[in-house]
>>> print(open('work_28.txt').read())   # compact mmCIF, C-alpha atoms
# COMPACT_ATOMS: atom_id res chain seq x y z
CA MET A 620 18.55 -24.78 -13.77
CA ASN A 621 17.21 -24.25 -17.28
CA GLU A 622 15.98 -20.70 -17.04
CA SER A 623 17.79 -17.80 -18.58
CA PRO A 624 20.02 -15.67 -16.37
CA THR A 625 17.96 -12.70 -17.54
CA ALA A 626 14.89 -13.93 -15.65
CA VAL A 627 16.86 -14.04 -12.40
CA THR A 628 18.46 -10.68 -12.89
CA ASP A 629 15.12 -9.10 -13.85
CA ASP A 630 13.61 -10.27 -10.58
CA LEU A 631 16.68 -9.25 -8.61
CA PHE A 632 16.48 -5.87 -10.30
CA ASP A 633 13.01 -5.46 -8.77
CA VAL A 634 14.35 -6.17 -5.30
CA VAL A 635 17.24 -3.77 -5.77
CA GLY A 636 14.87 -1.17 -7.20
CA PHE A 637 12.58 -1.58 -4.21
CA MET A 638 15.52 -1.05 -1.85
CA VAL A 639 16.68 2.06 -3.68
CA VAL A 640 13.21 3.58 -3.83
CA SER A 641 12.66 2.72 -0.17
CA ALA A 642 15.89 4.44 0.80
CA HIS A 643 14.73 7.59 -0.94
CA LYS A 644 11.24 7.50 0.54
CA LEU A 645 12.54 6.76 4.02
CA LEU A 646 14.17 10.18 4.17
CA ASP A 647 10.68 11.53 4.82
CA GLU A 648 8.88 8.58 6.37
CA PRO A 649 8.39 7.47 9.97
CA GLN A 650 11.51 6.01 11.56
CA ARG A 651 9.80 2.67 12.15
CA TYR A 652 9.38 2.17 8.40
CA GLY A 653 13.17 1.77 8.09
CA PRO A 654 13.37 -1.64 9.76
CA PHE A 655 10.07 -2.58 8.13
CA ARG A 656 11.40 -1.91 4.63
CA LEU A 657 14.63 -3.76 5.44
CA ILE A 658 12.86 -6.95 6.47
CA ASP A 659 10.42 -6.59 3.58
CA ALA A 660 13.40 -6.35 1.23
CA ALA A 661 14.90 -9.47 2.85
CA SER A 662 11.61 -11.27 2.33
CA ARG A 663 11.41 -10.19 -1.31
CA LEU A 664 14.98 -11.35 -1.86
CA VAL A 665 14.25 -14.80 -0.45
CA GLU A 666 11.00 -14.92 -2.42
CA THR A 667 12.98 -14.27 -5.59
CA LEU A 668 15.43 -17.02 -4.70
CA GLN A 669 12.50 -19.37 -4.03
CA GLU A 670 10.95 -18.60 -7.39
CA HIS A 671 14.22 -19.52 -9.07
CA GLY A 672 14.85 -22.64 -7.01
CA ALA A 673 17.80 -21.11 -5.23
CA SER A 674 16.57 -20.72 -1.67
CA SER A 675 17.33 -22.93 1.32
CA PRO A 676 15.29 -24.23 4.26
CA ALA A 677 17.02 -21.71 6.52
CA LEU A 678 16.15 -18.79 4.25
CA ASP A 679 12.60 -20.09 3.87
CA ARG A 680 12.19 -20.18 7.64
CA ILE A 681 13.47 -16.63 8.01
CA ARG A 682 11.10 -15.43 5.31
CA ASP A 683 8.15 -17.20 6.92
CA GLU A 684 8.91 -15.43 10.18
CA ILE A 685 9.20 -12.09 8.43
CA GLU A 686 5.88 -12.57 6.67
CA ARG A 687 4.18 -13.60 9.90
CA GLY A 688 5.35 -10.59 11.82
CA LYS A 689 6.26 -7.72 9.54
CA THR A 690 2.96 -5.86 9.63
CA THR A 691 3.11 -5.52 13.40
CA CYS A 692 5.08 -2.44 12.38
CA MET A 693 1.70 -0.76 11.86
CA GLY A 694 0.57 -1.58 15.38
CA SER A 695 2.45 -1.59 18.64
CA GLU A 696 6.13 -0.70 18.67
CA GLN A 697 6.70 -3.20 21.45
CA GLU A 698 5.27 -6.01 19.37
CA PHE A 699 7.33 -4.99 16.34
CA ARG A 700 10.47 -4.90 18.46
CA ALA A 701 9.68 -8.41 19.67
CA VAL A 702 9.25 -9.61 16.08
CA LEU A 703 12.61 -8.15 15.08
CA SER A 704 14.28 -9.60 18.15
CA ALA A 705 12.85 -13.05 17.37
CA LEU A 706 14.13 -12.71 13.81
CA VAL A 707 17.62 -12.02 15.06
CA ASP A 708 17.34 -15.09 17.30
CA ALA A 709 16.29 -17.13 14.28
CA VAL A 710 19.32 -15.90 12.34
CA VAL A 711 21.61 -16.83 15.24
CA THR A 712 20.02 -20.28 15.47
CA GLU A 713 20.65 -20.84 11.77
CA LEU A 714 24.23 -19.64 12.11
CA LYS A 715 24.88 -22.14 14.88
CA THR A 716 23.49 -25.15 13.01
CA MET B 497 -23.67 -4.59 5.19
CA ASP B 498 -24.76 -1.22 6.55
CA VAL B 499 -22.43 1.72 6.85
CA HIS B 500 -22.11 1.34 10.62
CA GLU B 501 -20.80 -2.21 10.22
CA ALA B 502 -18.66 -1.37 7.19
CA ILE B 503 -16.83 1.41 9.01
CA ARG B 504 -16.09 -0.77 12.01
CA THR B 505 -15.10 -3.99 10.27
CA ARG B 506 -12.95 -2.63 7.42
CA ARG B 507 -9.26 -3.45 7.82
CA SER B 508 -6.13 -2.53 5.92
CA ILE B 509 -5.36 -5.74 4.04
CA ARG B 510 -1.75 -6.56 3.27
CA THR B 511 -2.00 -10.13 1.96
CA TYR B 512 -4.17 -11.09 -0.99
CA LEU B 513 -5.39 -14.18 -2.77
CA ASP B 514 -4.21 -14.81 -6.31
CA ARG B 515 -7.67 -14.02 -7.66
CA PRO B 516 -8.43 -11.15 -10.01
CA VAL B 517 -10.99 -8.50 -9.25
CA SER B 518 -13.62 -8.20 -11.96
CA ARG B 519 -13.84 -5.13 -14.13
CA ASP B 520 -17.41 -4.60 -12.91
CA HIS B 521 -16.29 -4.54 -9.29
CA LEU B 522 -13.45 -2.14 -10.08
CA LEU B 523 -15.85 0.18 -11.87
CA GLN B 524 -18.24 -0.05 -8.93
CA LEU B 525 -15.41 1.17 -6.68
CA ILE B 526 -14.82 4.11 -9.01
CA GLU B 527 -18.49 4.98 -8.95
CA ALA B 528 -18.41 4.91 -5.13
CA ALA B 529 -15.37 7.18 -5.20
CA CYS B 530 -17.21 9.66 -7.35
CA TRP B 531 -19.96 9.90 -4.72
CA ALA B 532 -17.47 11.21 -2.15
CA PRO B 533 -17.71 14.75 -0.84
CA SER B 534 -15.70 17.14 -2.97
CA ALA B 535 -14.36 20.54 -1.96
CA SER B 536 -16.35 23.18 -3.85
CA ASN B 537 -17.84 20.23 -5.72
CA LEU B 538 -14.83 20.32 -8.04
CA GLN B 539 -14.71 16.56 -8.65
CA THR B 540 -11.25 16.89 -10.12
CA TRP B 541 -10.29 13.35 -9.17
CA ARG B 542 -8.92 11.10 -11.87
CA PHE B 543 -8.52 7.37 -11.31
CA VAL B 544 -6.04 5.05 -12.97
CA ILE B 545 -6.89 1.39 -12.54
CA LEU B 546 -4.02 -1.07 -12.73
CA THR B 547 -4.53 -4.78 -13.34
CA ARG B 548 -1.79 -5.73 -15.79
CA PRO B 549 1.02 -7.81 -14.24
CA ASP B 550 3.76 -5.63 -15.75
CA LYS B 551 2.23 -2.47 -14.28
CA LEU B 552 1.71 -4.08 -10.87
CA ARG B 553 5.27 -5.35 -10.92
CA ALA B 554 6.57 -1.85 -11.52
CA LEU B 555 4.27 -0.56 -8.81
CA ARG B 556 5.82 -3.00 -6.31
CA VAL B 557 9.17 -1.38 -7.03
CA LEU B 558 8.10 2.24 -7.13
CA ALA B 559 5.67 2.11 -4.22
CA PRO B 560 7.34 0.54 -1.17
CA GLY B 561 4.03 0.65 0.68
CA PHE B 562 2.35 -1.53 -1.96
CA ILE B 563 2.87 -4.90 -0.33
CA GLY B 564 1.08 -8.22 -0.45
CA ARG B 565 0.75 -8.73 -4.21
CA ALA B 566 -2.70 -7.24 -4.68
CA PRO B 567 -4.07 -8.16 -8.13
CA SER B 568 -5.20 -4.61 -8.79
CA ALA B 569 -4.67 -1.07 -7.65
CA ILE B 570 -6.38 2.25 -8.07
CA VAL B 571 -4.20 5.32 -8.32
CA ILE B 572 -6.16 8.33 -7.12
CA CYS B 573 -4.97 11.42 -8.95
CA GLN B 574 -6.01 15.04 -9.03
CA ASP B 575 -6.12 17.45 -11.94
CA ALA B 576 -4.24 20.36 -10.36
CA LYS B 577 -4.73 22.60 -13.38
CA GLU B 578 -8.48 22.21 -13.17
CA ILE B 579 -8.51 22.89 -9.41
CA ALA B 580 -6.44 26.05 -9.95
CA ARG B 581 -8.66 27.21 -12.80
CA ARG B 582 -11.88 26.81 -10.86
CA ALA B 583 -10.83 27.43 -7.25
CA GLY B 584 -7.49 29.25 -7.43
CA GLN B 585 -3.90 28.10 -7.05
CA ALA B 586 -4.05 28.44 -3.26
CA ALA B 587 -6.79 25.82 -3.14
CA VAL B 588 -4.86 23.10 -4.96
CA ASP B 589 -3.22 21.38 -1.99
CA PHE B 590 -6.29 21.42 0.20
CA CYS B 591 -8.76 20.32 -2.47
CA ALA B 592 -6.47 17.64 -3.85
CA ASN B 593 -5.77 16.16 -0.43
CA MET B 594 -9.32 16.34 0.89
CA ASP B 595 -11.02 14.95 -2.17
CA SER B 596 -8.49 12.16 -2.59
CA ALA B 597 -8.86 11.05 1.03
CA CYS B 598 -12.66 11.10 0.83
CA ALA B 599 -12.63 9.19 -2.47
CA ALA B 600 -10.24 6.63 -0.99
CA GLN B 601 -12.50 6.05 1.99
CA ASN B 602 -15.48 5.48 -0.28
CA ILE B 603 -13.46 3.02 -2.37
CA MET B 604 -12.36 1.13 0.72
CA LEU B 605 -15.81 0.90 2.27
CA GLU B 606 -17.47 -0.10 -1.00
CA ALA B 607 -14.77 -2.73 -1.53
CA HIS B 608 -15.32 -4.08 1.96
CA ALA B 609 -19.04 -4.39 1.28
CA LEU B 610 -18.18 -6.40 -1.86
CA GLY B 611 -15.96 -8.80 0.10
CA LEU B 612 -12.79 -7.18 -1.21
CA GLY B 613 -9.82 -5.99 0.81
CA THR B 614 -7.96 -2.74 0.36
CA CYS B 615 -5.01 -0.83 1.70
CA ALA B 616 -4.34 2.86 1.22
CA VAL B 617 -0.72 3.47 0.26
CA GLY B 618 1.01 6.81 0.55
CA SER B 619 4.57 5.59 0.10
CA PHE B 620 5.40 5.90 -3.59
CA GLU B 621 7.69 7.83 -5.92
CA ALA B 622 5.31 10.36 -7.42
CA ASP B 623 7.47 11.40 -10.36
CA ALA B 624 8.28 7.83 -11.29
CA LEU B 625 4.63 6.87 -11.00
CA ARG B 626 3.67 9.77 -13.25
CA GLU B 627 6.04 8.40 -15.87
CA LEU B 628 4.81 4.82 -15.48
CA LEU B 629 1.20 5.88 -15.90
CA ASP B 630 1.77 8.52 -18.60
CA LEU B 631 0.24 11.19 -16.40
CA PRO B 632 0.47 14.73 -17.72
CA THR B 633 2.40 17.06 -15.42
CA HIS B 634 -0.75 18.72 -14.09
CA VAL B 635 -2.26 15.41 -12.96
CA LEU B 636 -0.92 14.57 -9.52
CA PRO B 637 -0.83 11.04 -8.12
CA MET B 638 -2.14 11.47 -4.58
CA LEU B 639 -2.82 8.05 -3.13
CA LEU B 640 -2.83 4.39 -4.15
CA VAL B 641 -5.40 1.88 -3.05
CA ALA B 642 -4.46 -1.79 -3.32
CA VAL B 643 -7.52 -3.92 -4.14
CA GLY B 644 -7.96 -7.68 -3.96
CA TYR B 645 -9.49 -10.58 -2.12
CA PRO B 646 -8.03 -10.84 1.39
CA ARG B 647 -5.82 -13.81 2.21
CA SER B 648 -5.94 -12.85 5.87
CA ARG B 649 -7.48 -10.12 7.96
CA PRO B 650 -5.57 -8.46 10.76
CA GLU B 651 -7.00 -7.97 14.19
CA PRO B 652 -8.41 -4.50 14.67
CA PRO B 653 -5.81 -2.15 16.06
CA GLN B 654 -6.72 -0.31 19.22
CA ARG B 655 -8.72 2.84 18.56
CA HIS B 656 -8.13 5.79 20.85
CA ILE B 657 -11.52 7.41 21.15
CA GLU B 658 -11.20 8.70 24.68
CA GLY B 659 -9.03 11.78 24.59
CA SER B 660 -9.65 12.39 20.90
CA TYR B 661 -12.60 14.75 21.27
CA TYR B 662 -13.68 17.88 23.12
CA PHE B 663 -17.03 19.58 23.36
CA GLU B 664 -17.25 23.30 22.69
CA GLY B 665 -13.50 23.88 22.53
CA TYR B 666 -10.13 22.25 23.08
CA HIS B 667 -9.10 21.44 26.66
CA GLU B 668 -5.73 20.03 27.75
>>> encode(input="work_28.txt", output="structure tokens")
Amino acid sequence: MNESPTAVTDDLFDVVGFMVVSAHKLLDEPQRYGPFRLIDAASRLVETLQEHGASSPALDRIRDEIERGKTTCMGSEQEFRAVLSALVDAVVTELKT
Amino acid sequence: MDVHEAIRTRRSIRTYLDRPVSRDHLLQLIEAACWAPSASNLQTWRFVILTRPDKLRALRVLAPGFIGRAPSAIVICQDAKEIARRAGQAAVDFCANMDSACAAQNIMLEAHALGLGTCAVGSFEADALRELLDLPTHVLPMLLVAVGYPRSRPEPPQRHIEGSYYFEGYHE
């Protein structure tokens, strides 16, 4: 990789900053936003790795699933629960391969 | 697009194309905002338009609700000092909230009519945003509106009309 370490750490700083700000905001936000911010942070982390050529097919698949389902958080709780459950299944599948 | 259709087909957009919104369109949204109803006709709204990548990048960190990489955002602010001067300190919260919400709705409907997508965002660090945008202490950031061309449009969520209204008084 020919890019400077600064570029990676700048982008990672954004993810960390997002997580810290989210933690603060979540003190006063709906409970359901907690898991939503967590998976959004996971997606942003993988996105950063992708941008720097450091992701993996397994991480890419997890991120794709997050992006497909994360905004169900704004709709039905049942649907959002199903999305999170499917994500856990996807993680388990990756762990077993 | 008439207002009936605009109200019913607008969606909160959370994924955007990598396509900038023109300055003319952004200014058209601001004009629409300024036509919103205003408590006591104060019109104390102030709008900060963000299009620069460095500002949007910071916004993604400081506003957890700002998702989907919109190419622009409008920060709806209120001049609290001006509200207090003209309507009294007790009116600040009400006027600031009401006018900001009405302005946001106008922005979102106008954007929809222009083929743009929007999402109102209330999750942000107000003090940090004030610093990022160089807002004076009496100018309050109230609401963000992400603006861009939709990459996808969600299905309409269920609307609960039955049970939301009562004639002539509230009945359990």
>>> closest_residue(input="work_28.txt", among="A:Val711, A:Ala705, A:Val640, A:Leu678", to="chain B", atoms="only C-alpha atoms")
A:Val640
>>> residues_around(input="work_28.txt", residues="range 615-621 of chain B", least_positions_apart="3", cutoff="7 Å", atoms="all atoms listed in the file", output="CSV table (one decimal) with C-alpha atoms, in the frame of the given file")
chain,number,residue,atom,x,y,z
A,644,LYS,CA,11.2,7.5,0.5
B,508,SER,CA,-6.1,-2.5,5.9
B,509,ILE,CA,-5.4,-5.7,4.0
B,510,ARG,CA,-1.8,-6.6,3.3
B,558,LEU,CA,8.1,2.2,-7.1
B,559,ALA,CA,5.7,2.1,-4.2
B,560,PRO,CA,7.3,0.5,-1.2
B,561,GLY,CA,4.0,0.6,0.7
B,562,PHE,CA,2.4,-1.5,-2.0
B,624,ALA,CA,8.3,7.8,-11.3
B,625,LEU,CA,4.6,6.9,-11.0
B,639,LEU,CA,-2.8,8.0,-3.1
B,640,LEU,CA,-2.8,4.4,-4.2
B,641,VAL,CA,-5.4,1.9,-3.0
B,642,ALA,CA,-4.5,-1.8,-3.3
>>> atom_distance(input="work_28.txt", atom1="CA of Ala529 in chain B", atom2="CA of Val571 in chain B")
11.7 Å
>>> closest_atom_pairs(input="work_28.txt", of="chain A", to="chain B", cutoff="12 Å", atoms="only C-alpha atoms", output="tab-separated table")
residue	atom	partner	partner_atom	distance
A:Asp629	CA	B:Arg553	CA	10.9
A:Asp630	CA	B:Arg553	CA	9.7
A:Leu631	CA	B:Val557	CA	11.0
A:Phe632	CA	B:Val557	CA	9.2
A:Asp633	CA	B:Val557	CA	5.9
A:Val634	CA	B:Val557	CA	7.3
A:Val635	CA	B:Val557	CA	8.5
A:Gly636	CA	B:Val557	CA	5.7
A:Phe637	CA	B:Val557	CA	4.4
A:Met638	CA	B:Val557	CA	8.2
A:Val639	CA	B:Val557	CA	8.9
A:Val640	CA	B:Leu558	CA	6.2
A:Ser641	CA	B:Pro560	CA	5.8
A:Ala642	CA	B:Pro560	CA	9.6
A:His643	CA	B:Glu621	CA	8.6
A:Lys644	CA	B:Ser619	CA	7.0
A:Leu645	CA	B:Ser619	CA	9.0
A:Leu646	CA	B:Ser619	CA	11.4
A:Asp647	CA	B:Ser619	CA	9.7
A:Glu648	CA	B:Ser619	CA	8.2
A:Pro649	CA	B:Ser619	CA	10.7
A:Tyr652	CA	B:Gly561	CA	9.5
A:Gly653	CA	B:Pro560	CA	11.0
A:Phe655	CA	B:Gly561	CA	10.1
A:Arg656	CA	B:Pro560	CA	7.5
A:Leu657	CA	B:Pro560	CA	10.7
A:Asp659	CA	B:Ile563	CA	8.7
A:Ala660	CA	B:Pro560	CA	9.5
A:Ser662	CA	B:Ile563	CA	11.1
A:Arg663	CA	B:Ile563	CA	10.1
A:Glu686	CA	B:Thr511	CA	9.5
A:Arg687	CA	B:Thr511	CA	10.6
A:Gly688	CA	B:Pro650	CA	11.2
A:Lys689	CA	B:Arg510	CA	10.2
A:Thr690	CA	B:Arg510	CA	7.9
A:Thr691	CA	B:Pro650	CA	9.5
A:Cys692	CA	B:Pro653	CA	11.5
A:Met693	CA	B:Pro653	CA	8.7
A:Gly694	CA	B:Pro653	CA	6.4
A:Ser695	CA	B:Pro653	CA	8.7
>>> residues_around(input="work_28.txt", residues="Ser568 in chain B", least_positions_apart="4", cutoff="8 Å", atoms="all atoms listed in the file", output="PyMOL selection string")
chain B and resi 516-517+545-548+552+642-644
>>> atom_distance(input="work_28.txt", atom1="CA of Ala535 in chain B", atom2="CA of Phe590 in chain B")
8.4 Å
